[in-house]
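> Data file final-v5.tsv (TSV, C-alpha atoms and all ligand atoms) is appended below.
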chain	number	residue	atom	x	y	z
A	1	MET	CA	77.46	-176.20	104.62
A	2	THR	CA	80.73	-174.60	105.63
A	3	LEU	CA	82.11	-172.17	103.05
A	4	HIS	CA	85.81	-171.55	102.62
A	5	ALA	CA	86.95	-169.26	99.83
A	6	GLU	CA	90.29	-167.79	98.82
A	7	LEU	CA	90.03	-165.53	95.80
A	8	THR	CA	92.64	-163.53	93.91
A	9	LEU	CA	91.83	-161.56	90.78
A	10	ARG	CA	93.26	-158.60	88.89
A	11	ARG	CA	91.27	-156.32	86.57
A	12	LYS	CA	93.26	-153.40	85.16
A	13	THR	CA	94.06	-151.37	88.30
A	14	PHE	CA	91.62	-153.28	90.54
A	15	ARG	CA	93.01	-156.13	92.59
A	16	LEU	CA	90.93	-158.50	94.70
A	17	SER	CA	92.50	-160.67	97.36
A	18	VAL	CA	90.18	-162.10	100.00
A	19	THR	CA	89.71	-165.11	102.23
A	20	LEU	CA	86.23	-165.86	103.57
A	21	ASP	CA	85.02	-168.48	106.00
A	22	VAL	CA	81.37	-168.99	106.87
A	23	PRO	CA	80.38	-171.79	109.25
A	24	ASP	CA	77.49	-174.11	108.43
A	25	GLY	CA	74.27	-172.11	108.73
A	26	GLY	CA	76.15	-168.83	109.36
A	27	VAL	CA	75.32	-165.50	107.73
A	28	LEU	CA	78.25	-163.33	106.66
A	29	ALA	CA	77.61	-159.73	105.62
A	30	VAL	CA	80.02	-158.10	103.16
A	31	LEU	CA	80.14	-154.33	103.51
A	32	GLY	CA	82.24	-151.92	101.52
A	33	PRO	CA	82.23	-148.74	99.45
A	34	ASN	CA	81.23	-148.71	95.78
A	35	GLY	CA	83.77	-150.49	93.62
A	36	SER	CA	85.41	-152.32	96.53
A	37	GLY	CA	84.73	-155.73	94.96
A	38	LYS	CA	81.62	-157.00	96.79
A	39	SER	CA	79.73	-158.09	93.67
A	40	THR	CA	82.92	-159.57	92.22
A	41	VAL	CA	83.26	-161.79	95.29
A	42	LEU	CA	79.69	-163.05	94.85
A	43	SER	CA	80.22	-163.61	91.11
A	44	CYS	CA	83.34	-165.66	91.84
A	45	LEU	CA	81.51	-167.74	94.46
A	46	ALA	CA	78.62	-168.31	92.05
A	47	GLY	CA	81.10	-169.40	89.36
A	48	LEU	CA	80.05	-166.58	87.01
A	49	VAL	CA	83.49	-164.95	87.11
A	50	ARG	CA	86.65	-166.99	87.19
A	51	ALA	CA	89.29	-165.71	89.61
A	52	GLU	CA	92.95	-166.02	88.62
A	53	ARG	CA	93.58	-168.02	91.73
A	54	ALA	CA	90.69	-169.57	93.60
A	55	HIS	CA	90.12	-172.16	96.21
A	56	VAL	CA	86.43	-172.45	97.03
A	57	SER	CA	84.92	-175.32	98.96
A	58	LEU	CA	81.39	-175.83	100.23
A	59	GLY	CA	80.89	-178.49	102.86
A	60	GLY	CA	84.20	-180.01	101.77
A	61	ARG	CA	83.11	-180.16	98.10
A	62	VAL	CA	85.71	-178.31	96.00
A	63	LEU	CA	84.06	-175.84	93.60
A	64	ASP	CA	87.25	-174.08	92.50
A	65	GLY	CA	90.77	-175.33	92.86
A	66	VAL	CA	93.73	-176.51	90.86
A	67	GLY	CA	92.20	-177.87	87.65
A	68	VAL	CA	88.67	-177.62	89.08
A	69	HIS	CA	85.99	-175.10	88.13
A	70	VAL	CA	82.46	-176.35	88.78
A	71	PRO	CA	80.05	-174.50	86.44
A	72	PRO	CA	77.43	-172.20	88.02
A	73	HIS	CA	74.44	-174.52	87.51
A	74	ALA	CA	76.19	-177.42	89.25
A	75	ARG	CA	77.35	-175.48	92.34
A	76	ARG	CA	74.12	-175.71	94.35
A	77	ILE	CA	74.28	-172.02	95.06
A	78	GLY	CA	71.21	-169.76	95.08
A	79	LEU	CA	71.71	-166.14	94.02
A	80	LEU	CA	69.30	-163.31	94.75
A	81	ALA	CA	70.26	-160.06	93.06
A	82	GLN	CA	68.90	-156.51	93.44
A	83	HIS	CA	66.46	-157.10	90.59
A	84	PRO	CA	64.36	-160.28	90.64
A	85	LEU	CA	64.94	-161.22	86.95
A	86	LEU	CA	61.93	-163.56	86.77
A	87	PHE	CA	61.24	-165.34	83.48
A	88	PRO	CA	58.47	-163.19	81.95
A	89	HIS	CA	56.95	-166.04	79.91
A	90	LEU	CA	56.40	-168.34	82.92
A	91	SER	CA	53.81	-168.02	85.70
A	92	VAL	CA	55.02	-167.27	89.22
A	93	LEU	CA	54.56	-170.95	90.12
A	94	ASP	CA	56.60	-172.16	87.16
A	95	ASN	CA	59.31	-169.57	87.82
A	96	VAL	CA	59.79	-171.14	91.25
A	97	ALA	CA	59.31	-174.69	89.93
A	98	PHE	CA	62.13	-174.01	87.46
A	99	SER	CA	64.77	-174.56	90.14
A	100	PRO	CA	63.67	-178.09	91.21
A	101	ARG	CA	63.04	-178.93	87.52
A	102	CYS	CA	66.68	-178.07	86.81
A	103	ARG	CA	67.65	-180.53	89.49
A	104	GLY	CA	65.66	-183.30	87.79
A	105	ALA	CA	62.33	-183.17	89.64
A	106	SER	CA	59.17	-184.15	87.74
A	107	LYS	CA	56.80	-181.35	86.80
A	108	THR	CA	54.31	-182.36	89.52
A	109	ARG	CA	56.96	-182.68	92.21
A	110	ALA	CA	58.59	-179.37	91.16
A	111	ARG	CA	55.25	-177.58	91.42
A	112	THR	CA	54.62	-179.06	94.88
A	113	VAL	CA	58.02	-177.82	96.04
A	114	ALA	CA	57.35	-174.44	94.42
A	115	ARG	CA	54.01	-174.05	96.22
A	116	ARG	CA	55.68	-174.79	99.53
A	117	TRP	CA	58.36	-172.16	98.97
A	118	LEU	CA	55.83	-169.59	97.78
A	119	ALA	CA	53.97	-170.21	101.06
A	120	GLU	CA	57.26	-169.77	102.96
A	121	VAL	CA	57.73	-166.29	101.52
A	122	GLY	CA	54.03	-165.37	101.86
A	123	ALA	CA	53.39	-165.39	98.11
A	124	GLU	CA	51.23	-168.48	97.60
A	125	SER	CA	48.28	-166.38	96.39
A	126	LEU	CA	50.44	-165.14	93.50
A	127	ALA	CA	51.10	-168.60	92.03
A	128	ASP	CA	49.04	-168.13	88.87
A	129	GLN	CA	50.07	-164.54	88.19
A	130	ALA	CA	52.41	-163.42	85.45
A	131	PRO	CA	55.65	-161.82	86.74
A	132	THR	CA	54.73	-158.59	84.93
A	133	ALA	CA	51.68	-158.24	87.22
A	134	LEU	CA	53.76	-158.21	90.42
A	135	SER	CA	54.94	-155.28	92.51
A	136	GLY	CA	58.68	-154.98	93.19
A	137	GLY	CA	58.34	-156.47	96.67
A	138	GLN	CA	56.19	-159.37	95.46
A	139	ALA	CA	58.61	-160.12	92.61
A	140	GLN	CA	61.57	-160.13	95.01
A	141	ARG	CA	59.78	-162.57	97.32
A	142	VAL	CA	59.10	-164.85	94.35
A	143	ALA	CA	62.76	-164.60	93.30
A	144	LEU	CA	63.75	-165.59	96.84
A	145	ALA	CA	61.40	-168.58	96.67
A	146	ARG	CA	62.97	-169.54	93.34
A	147	ALA	CA	66.50	-169.29	94.76
A	148	LEU	CA	65.54	-171.47	97.73
A	149	ALA	CA	63.45	-174.01	95.81
A	150	GLY	CA	66.67	-175.31	94.24
A	151	GLU	CA	67.69	-176.41	97.77
A	152	PRO	CA	70.99	-174.54	97.55
A	153	GLU	CA	73.79	-175.25	99.97
A	154	LEU	CA	74.83	-171.60	99.87
A	155	LEU	CA	72.67	-168.51	99.42
A	156	LEU	CA	74.19	-165.36	97.92
A	157	LEU	CA	72.25	-162.13	98.44
A	158	ASP	CA	73.42	-159.10	96.46
A	159	GLU	CA	71.77	-156.03	98.00
A	160	PRO	CA	68.38	-157.77	97.96
A	161	PHE	CA	66.46	-154.72	99.24
A	162	ALA	CA	68.28	-152.00	97.31
A	163	ALA	CA	65.81	-151.79	94.43
A	164	LEU	CA	62.69	-151.99	96.62
A	165	ASP	CA	60.74	-148.95	97.68
A	166	VAL	CA	60.45	-148.07	101.35
A	167	ASP	CA	57.03	-149.72	101.65
A	168	ALA	CA	58.07	-153.04	100.08
A	169	ALA	CA	61.49	-153.50	101.67
A	170	PRO	CA	60.34	-154.23	105.27
A	171	ALA	CA	58.16	-157.19	104.22
A	172	VAL	CA	60.96	-158.83	102.19
A	173	ARG	CA	63.44	-158.07	104.97
A	174	GLY	CA	61.09	-159.75	107.47
A	175	VAL	CA	60.79	-162.87	105.30
A	176	LEU	CA	64.56	-163.11	104.92
A	177	ARG	CA	65.18	-162.57	108.61
A	178	ARG	CA	62.82	-165.42	109.45
A	179	LEU	CA	64.30	-167.72	106.80
A	180	LEU	CA	67.93	-167.00	107.68
A	181	ARG	CA	67.28	-167.39	111.37
A	182	GLY	CA	65.74	-170.86	111.08
A	183	GLY	CA	62.62	-172.39	109.60
A	184	PRO	CA	62.19	-175.18	107.08
A	185	ARG	CA	65.29	-175.04	104.96
A	186	ASP	CA	66.24	-178.43	103.69
A	187	GLY	CA	63.17	-179.35	101.69
A	188	HIS	CA	62.14	-182.00	104.16
A	189	GLY	CA	60.74	-179.85	106.95
A	190	GLY	CA	64.04	-179.72	108.83
A	191	ASP	CA	65.19	-176.53	110.50
A	192	ARG	CA	68.79	-176.22	109.38
A	193	ALA	CA	69.62	-172.60	108.58
A	194	ILE	CA	71.28	-172.01	105.22
A	195	THR	CA	74.84	-170.72	104.91
A	196	THR	CA	74.55	-167.21	103.46
A	197	VAL	CA	76.73	-164.39	102.14
A	198	LEU	CA	74.90	-161.05	102.10
A	199	VAL	CA	76.21	-157.98	100.31
A	200	THR	CA	74.64	-154.84	101.74
A	201	HIS	CA	75.18	-151.12	102.22
A	202	ASP	CA	72.88	-151.04	105.21
A	203	PRO	CA	74.44	-151.54	108.65
A	204	LEU	CA	71.01	-152.33	110.07
A	205	ASP	CA	70.65	-155.25	107.66
A	206	ALA	CA	74.09	-156.46	108.66
A	207	LEU	CA	73.14	-156.18	112.34
A	208	THR	CA	69.77	-157.90	112.03
A	209	LEU	CA	70.63	-160.59	109.49
A	210	ALA	CA	74.31	-161.43	109.84
A	211	ASP	CA	76.39	-163.00	112.62
A	212	HIS	CA	79.68	-161.86	111.15
A	213	VAL	CA	80.79	-159.12	108.85
A	214	VAL	CA	83.75	-158.38	106.61
A	215	VAL	CA	84.50	-154.88	105.36
A	216	LEU	CA	86.03	-154.75	101.92
A	217	VAL	CA	88.00	-151.71	100.74
A	218	ASP	CA	89.86	-151.72	97.41
A	219	GLY	CA	89.52	-155.50	97.10
A	220	ARG	CA	90.99	-156.23	100.55
A	221	ILE	CA	89.34	-157.11	103.84
A	222	VAL	CA	90.13	-154.29	106.27
A	223	GLU	CA	87.83	-155.37	109.13
A	224	HIS	CA	86.15	-158.59	110.12
A	225	GLY	CA	84.47	-160.04	113.15
A	226	PRO	CA	81.10	-160.40	114.89
A	227	THR	CA	78.76	-157.82	113.35
A	228	ARG	CA	77.91	-155.94	116.52
A	229	GLN	CA	81.57	-155.72	117.53
A	230	VAL	CA	82.72	-154.39	114.16
A	231	LEU	CA	79.93	-151.83	113.92
A	232	THR	CA	80.20	-150.56	117.48
A	233	ALA	CA	84.00	-150.39	117.48
A	234	PRO	CA	84.91	-149.57	113.87
A	235	ARG	CA	88.56	-149.37	112.90
A	236	THR	CA	88.23	-147.67	109.53
A	237	ALA	CA	86.66	-144.40	108.43
A	238	PHE	CA	84.33	-146.25	106.05
A	239	THR	CA	82.89	-148.50	108.77
A	240	ALA	CA	82.63	-145.63	111.23
A	241	ARG	CA	80.66	-143.57	108.72
A	242	LEU	CA	78.44	-146.55	107.99
A	243	ALA	CA	77.83	-147.14	111.68
A	244	GLY	CA	77.17	-143.42	112.24
A	245	LEU	CA	80.20	-142.96	114.52
A	246	ASN	CA	83.09	-140.50	114.54
A	247	LEU	CA	86.59	-141.81	114.01
A	248	VAL	CA	89.90	-139.99	114.45
A	249	ALA	CA	93.02	-141.87	113.35
A	250	GLY	CA	96.59	-141.33	114.47
A	251	GLU	CA	99.28	-142.78	116.72
A	252	ALA	CA	99.03	-143.64	120.41
A	253	VAL	CA	100.48	-141.38	123.08
A	254	ARG	CA	100.14	-142.79	126.57
A	255	THR	CA	98.86	-140.34	129.17
A	256	GLY	CA	98.49	-140.66	132.94
A	257	ALA	CA	94.89	-141.86	132.99
A	258	GLY	CA	94.45	-143.26	129.52
A	259	VAL	CA	95.70	-142.76	126.02
A	260	ALA	CA	95.62	-139.99	123.47
A	261	VAL	CA	95.56	-140.21	119.69
A	262	ARG	CA	97.99	-137.84	118.00
A	263	THR	CA	96.57	-136.99	114.57
A	264	PRO	CA	98.85	-136.39	111.56
A	265	GLY	CA	98.03	-132.67	112.07
A	266	GLY	CA	99.42	-132.84	115.65
A	267	ARG	CA	96.09	-132.62	117.51
A	268	LEU	CA	95.79	-134.77	120.65
A	269	PHE	CA	92.52	-136.64	121.18
A	270	HIS	CA	92.14	-138.15	124.66
A	271	GLY	CA	90.19	-141.33	125.33
A	272	MET	CA	89.92	-144.61	127.14
A	273	PRO	CA	92.06	-147.46	125.79
A	274	ALA	CA	90.20	-150.59	124.64
A	275	GLU	CA	93.47	-152.49	125.18
A	276	GLY	CA	97.07	-151.82	126.15
A	277	PHE	CA	99.10	-149.63	123.77
A	278	VAL	CA	102.64	-148.46	123.46
A	279	ASP	CA	103.56	-145.03	122.16
A	280	GLY	CA	103.48	-144.91	118.39
A	281	ASP	CA	100.94	-147.72	117.86
A	282	ALA	CA	98.51	-147.02	115.02
A	283	VAL	CA	95.17	-146.35	116.73
A	284	VAL	CA	91.73	-144.88	116.14
A	285	ALA	CA	89.54	-142.90	118.55
A	286	VAL	CA	85.84	-143.73	118.19
A	287	PHE	CA	82.94	-141.73	119.63
A	288	ALA	CA	79.26	-141.18	118.96
A	289	PRO	CA	77.85	-137.95	117.50
A	290	GLU	CA	75.63	-137.70	120.61
A	291	ALA	CA	78.77	-137.42	122.76
A	292	VAL	CA	79.82	-134.19	121.03
A	293	THR	CA	78.64	-130.92	122.55
A	294	VAL	CA	78.47	-127.89	120.29
A	295	GLN	CA	78.99	-124.33	121.41
A	296	PRO	CA	79.49	-121.03	119.60
A	297	GLY	CA	83.04	-120.62	118.32
A	298	ASP	CA	84.06	-118.05	120.96
A	299	THR	CA	82.76	-119.94	124.04
A	300	ARG	CA	85.02	-120.52	127.02
A	301	VAL	CA	84.98	-124.24	127.79
A	302	VAL	CA	83.58	-124.99	131.24
A	303	GLY	CA	83.76	-128.32	133.06
A	304	SER	CA	86.34	-130.87	132.05
A	305	PRO	CA	85.92	-131.99	128.47
A	306	ARG	CA	89.40	-133.15	127.48
A	307	ASN	CA	88.90	-132.73	123.77
A	308	VAL	CA	88.09	-129.34	122.30
A	309	VAL	CA	88.05	-128.74	118.57
A	310	ASP	CA	87.52	-125.37	116.89
A	311	THR	CA	86.02	-125.79	113.46
A	312	VAL	CA	83.17	-124.68	111.20
A	313	VAL	CA	79.84	-126.27	110.31
A	314	THR	CA	79.89	-127.82	106.83
A	315	ALA	CA	76.38	-129.32	106.72
A	316	VAL	CA	73.18	-129.47	108.76
A	317	GLU	CA	71.16	-132.63	107.99
A	318	PRO	CA	67.96	-134.12	109.41
A	319	HIS	CA	68.73	-137.45	111.06
A	320	GLY	CA	65.59	-139.10	112.44
A	321	PRO	CA	64.40	-137.06	115.43
A	322	VAL	CA	67.71	-135.14	115.73
A	323	VAL	CA	69.82	-132.94	113.48
A	324	ARG	CA	73.26	-134.15	112.45
A	325	LEU	CA	75.86	-131.45	112.18
A	326	ARG	CA	78.90	-132.13	110.02
A	327	THR	CA	82.02	-130.09	110.60
A	328	GLY	CA	85.27	-129.19	108.90
A	329	GLU	CA	87.25	-131.60	111.08
A	330	GLY	CA	85.19	-134.57	109.84
A	331	ILE	CA	83.47	-134.80	113.24
A	332	SER	CA	79.66	-135.09	113.40
A	333	ALA	CA	77.44	-134.01	116.27
A	334	ASP	CA	73.78	-134.71	116.96
A	335	LEU	CA	71.63	-131.90	118.30
A	336	THR	CA	67.95	-131.24	118.81
A	337	PRO	CA	66.32	-129.01	116.18
A	338	ALA	CA	65.75	-126.42	118.95
A	339	SER	CA	69.50	-126.27	119.74
A	340	VAL	CA	70.34	-125.81	116.07
A	341	ALA	CA	67.91	-122.88	115.93
A	342	ASP	CA	69.18	-121.38	119.25
A	343	LEU	CA	72.80	-121.55	118.10
A	344	ALA	CA	71.88	-120.30	114.59
A	345	LEU	CA	73.95	-123.07	113.03
A	346	ASP	CA	74.40	-122.91	109.28
A	347	PRO	CA	77.20	-124.07	106.97
A	348	GLY	CA	80.17	-121.77	107.64
A	349	THR	CA	79.25	-121.01	111.29
A	350	PRO	CA	82.33	-121.28	113.58
A	351	VAL	CA	81.76	-123.75	116.43
A	352	ARG	CA	83.68	-125.16	119.35
A	353	LEU	CA	83.17	-128.91	119.78
A	354	ALA	CA	83.84	-130.64	123.07
A	355	VAL	CA	84.00	-134.37	123.80
A	356	LYS	CA	84.72	-135.90	127.18
A	357	ALA	CA	87.59	-138.37	127.15
A	358	ALA	CA	85.30	-140.87	128.91
A	359	ALA	CA	83.06	-140.92	125.81
A	360	VAL	CA	85.98	-141.75	123.48
A	361	THR	CA	87.27	-145.30	123.07
A	362	VAL	CA	90.68	-145.90	121.53
A	363	HIS	CA	91.11	-149.08	119.46
A	364	PRO	CA	94.00	-150.49	117.47
A	365	ALA	CA	93.87	-149.44	113.81
A	366	PRO	CA	93.40	-152.25	111.27
A	367	GLU	CA	96.46	-154.06	109.97
A	368	SER	CA	96.19	-152.25	106.63
A	369	ALA	CA	96.68	-148.87	108.37
A	370	ARG	CA	100.01	-150.06	109.81
A	371	ARG	CA	101.53	-150.82	106.45
A	372	PRO	CA	103.68	-148.09	104.97
B	401	LIG	N1	82.60	-156.41	84.03
B	401	LIG	C1	83.60	-155.68	84.49
B	401	LIG	N2	84.65	-155.37	83.70
B	401	LIG	C2	85.68	-154.63	84.15
B	401	LIG	N3	85.76	-154.15	85.39
B	401	LIG	C3	84.75	-154.39	86.22
B	401	LIG	C4	83.61	-155.17	85.83
B	401	LIG	N4	82.77	-155.26	86.88
B	401	LIG	C5	83.34	-154.57	87.89
B	401	LIG	N5	84.51	-154.04	87.49
B	401	LIG	C6	85.46	-153.28	88.33
B	401	LIG	O1	85.87	-154.13	89.40
B	401	LIG	C7	85.93	-153.41	90.62
B	401	LIG	C8	85.02	-154.03	91.66
B	401	LIG	O2	83.67	-153.91	91.23
B	401	LIG	P1	82.45	-154.54	92.01
B	401	LIG	O3	81.23	-154.33	91.15
B	401	LIG	O4	82.77	-155.91	92.44
B	401	LIG	O5	82.35	-153.59	93.29
B	401	LIG	P2	81.18	-153.43	94.35
B	401	LIG	O6	81.84	-153.34	95.68
B	401	LIG	O7	80.18	-154.52	94.17
B	401	LIG	O8	80.57	-152.04	93.93
B	401	LIG	P3	79.06	-151.46	94.10
B	401	LIG	O9	78.81	-151.27	95.56
B	401	LIG	O10	79.12	-150.16	93.35
B	401	LIG	O11	78.13	-152.45	93.46
B	401	LIG	C9	85.59	-151.96	90.28
B	401	LIG	O12	86.82	-151.28	90.06
B	401	LIG	C10	84.79	-152.08	89.00
B	401	LIG	O13	84.93	-150.90	88.24
Write the structure described by the file as structure tokens, please.


Amino acid sequence: MTLHAELTLRRKTFRLSVTLDVPDGGVLAVLGPNGSGKSTVLSCLAGLVRAERAHVSLGGRVLDGVGVHVPPHARRIGLLAQHPLLFPHLSVLDNVAFSPRCRGASKTRARTVARRWLAEVGAESLADQAPTALSGGQAQRVALARALAGEPELLLLDEPFAALDVDAAPAVRGVLRRLLRGGPRDGHGGDRAITTVLVTHDPLDALTLADHVVVLVDGRIVEHGPTRQVLTAPRTAFTARLAGLNLVAGEAVRTGAGVAVRTPGGRLFHGMPAEGFVDGDAVVAVFAPEAVTVQPGDTRVVGSPRNVVDTVVTAVEPHGPVVRLRTGEGISADLTPASVADLALDPGTPVRLAVKAAAVTVHPAPESARRP
């Protein structure tokens, strides 16, 4: 079902103002720093929190509007939170059967539906267990089965892997990926994917599960678009950090071959324009930590890197097979452990960073950065 939502809410100093659209069967990821309003958006959609102004419709059915506020249980929305919150006094099977029972199914029919959904999430063998006997990953799979057994028209996922340990998360992630990407969804063996809003802190989950993403900062959407596009060409520092990219913001200065970003401190950062700019446009330069070469602070630069930054190391962190160096200019660089040892890099070490202009892409800054 197509979701359209316009939500406005004020809470002391926090103000939320968002518009979301998710096509039928689409998966929208909501990313954002702590306190940016992600959970509030889900609570409003679920009907648990009432926005001051809301227009929410699902497949044309108005859930919130002028004089309309459909209560949570009548919305046909499934919610999966970080913690499974299973009913401790019911068996696994009856936890899942609870959803169809709420929709009026007989006990026998509800249990048949529940068994089918437990099989869908690979938990059929747990049917007779008590929730207290389950591991975190098992309980989350059962909670997912319960959310889906109600045949919701919209699925809300609030950091569904956040409370799982590293061993349990991949299995639940795999189940969700399969379910969100097709598979029996409508209770009658059809293969319609369910419209989903996923709140996550993990860019990989956004990339593997969601078609589109919105980035929420301080209750406002600062970036939106196809997931891969937003995460490979971030426009805000938050998204760049999340995507593991460097971002330098400033105003455009056209140069002979390309464009440079003049930072508020007056530094020029040369790159390749992603689109046409005029001088003074608000822009961001984006480049990968692998594109940054690191030399001792007193090195003469050889070759033709257009961007040279003298700074100091602030942190040296393991990052998969490489070491990520953070520096005083907010620029990160990836090096091999051997290079870090050769260069004797520690916090406080002066370094000279170099980045070729060809490795830097310049994008327009988001609308919010243009406002005074
Ligand atoms: N029950 C509440 N009463 C008052 N203020 C609240 C309540 N819940 C959240 N807030 C405030 O509303 C704002 C948005 O919170 P919300 O939990 O939606 O953010 P979030 O993006 O989900 O954060 P996180 O990633 O930490 O879960 C924050 O300023 C928060 O302090």

> Leaving out stretch 167-173 of chain A and any residue of its chain fewer than 5 positions from it, which residues lie within 8 Å of it when counting only C-alpha atoms, given as a list in words?

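Residues near the query, excluding close chain neighbours: Gly136, Gly137, Gln140, Arg141 and Phe161 of chain A.
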
> Give me, please, the distance in Å between atom CA of A:Pro160 and atom CA of A:Pro71, quoted to one decimal.

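Straight-line distance from atom CA of A:Pro160 to atom CA of A:Pro71 works out to 23.4 Å.
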
> Just the number, please: distance in Å from atom CA of A:Val222 to atom CA of A:Leu16, one decimal.

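Separation of atom CA of A:Val222 and atom CA of A:Leu16: 12.3 Å.
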
> Show me, as a list of chain:residue names, the residues that have an atom within 6 Å of A:Arg15 when counting only C-alpha atoms, minus same-chain residues fewer than 2 positions from it.

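Those residues are A:Leu9, A:Arg10, A:Gly219.
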
> Report, in Å with one decimal, the straight-line distance from atom CA of A:Ala344 to atom CA of A:Asn246.

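Separation of atom CA of A:Ala344 and atom CA of A:Asn246: 23.1 Å.
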
> Check every protein, DNA and RNA residue against ligand LIG 401 (chain B), keep those with an atom at most 7 Å away (counting only C-alpha atoms and all ligand atoms), and present them as a PyMOL selection string.

chain A and resi 11+14+32-41

> Rank nothing, just name the residue among A:Ala260, A:Val362, A:Leu179, A:Val22 nearest to A:Asp279, using only C-alpha atoms.

A:Ala260

> Measuring atom to atom with only C-alpha atoms, identify which of A:Val68, A:Ile221, A:Ala365, A:Ala249 is nearest to A:Leu31.

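Among A:Val68, A:Ile221, A:Ala365, A:Ala249, it is A:Ile221 that comes nearest to A:Leu31.
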
> Can you tell me, as a PDB file with C-alpha atoms, keeping the file's coordinate frame, what residues are no more than 10 Å from A:Pro289 when counting all atoms listed in the file, ignoring any on the same chain fewer than 2 positions away?


ATOM      1  CA  GLY A 244      77.170-143.420 112.240  1.00  0.00           C
ATOM      2  CA  LEU A 245      80.200-142.960 114.520  1.00  0.00           C
ATOM      3  CA  ASN A 246      83.090-140.500 114.540  1.00  0.00           C
ATOM      4  CA  VAL A 286      85.840-143.730 118.190  1.00  0.00           C
ATOM      5  CA  PHE A 287      82.940-141.730 119.630  1.00  0.00           C
ATOM      6  CA  ALA A 291      78.770-137.420 122.760  1.00  0.00           C
ATOM      7  CA  VAL A 292      79.820-134.190 121.030  1.00  0.00           C
ATOM      8  CA  THR A 293      78.640-130.920 122.550  1.00  0.00           C
ATOM      9  CA  ARG A 324      73.260-134.150 112.450  1.00  0.00           C
ATOM     10  CA  LEU A 325      75.860-131.450 112.180  1.00  0.00           C
ATOM     11  CA  ARG A 326      78.900-132.130 110.020  1.00  0.00           C
ATOM     12  CA  ILE A 331      83.470-134.800 113.240  1.00  0.00           C
ATOM     13  CA  SER A 332      79.660-135.090 113.400  1.00  0.00           C
ATOM     14  CA  ALA A 333      77.440-134.010 116.270  1.00  0.00           C
ATOM     15  CA  ASP A 334      73.780-134.710 116.960  1.00  0.00           C
ATOM     16  CA  LEU A 335      71.630-131.900 118.300  1.00  0.00           C
ATOM     17  CA  VAL A 355      84.000-134.370 123.800  1.00  0.00           C
TER      18      VAL A 355
END

> Near A:Gly250, within 7 Å and counting all atoms listed in the file, which residues show up once chain neighbours fewer than 6 positions away are dropped, as a ChimeraX atom specification?

/A:261-264,282-284

> Within 7 Å of stretch 118-125 of chain A, counting only C-alpha atoms, which residues show up once you throw out same-chain ones fewer than 3 positions away? Write them as a PyMOL selection string, please.

chain A and resi 114-115+141-142+145+175

> Quick one: axis-aligned box around all listed atoms of stretch 297-300 of chain A, 4 Å on every side, centre and edge lengths in Å to one decimal, written as lines of an AutoDock Vina configuration file.


center_x = 83.9
center_y = -119.3
center_z = 122.7
size_x = 10.3
size_y = 10.6
size_z = 16.7
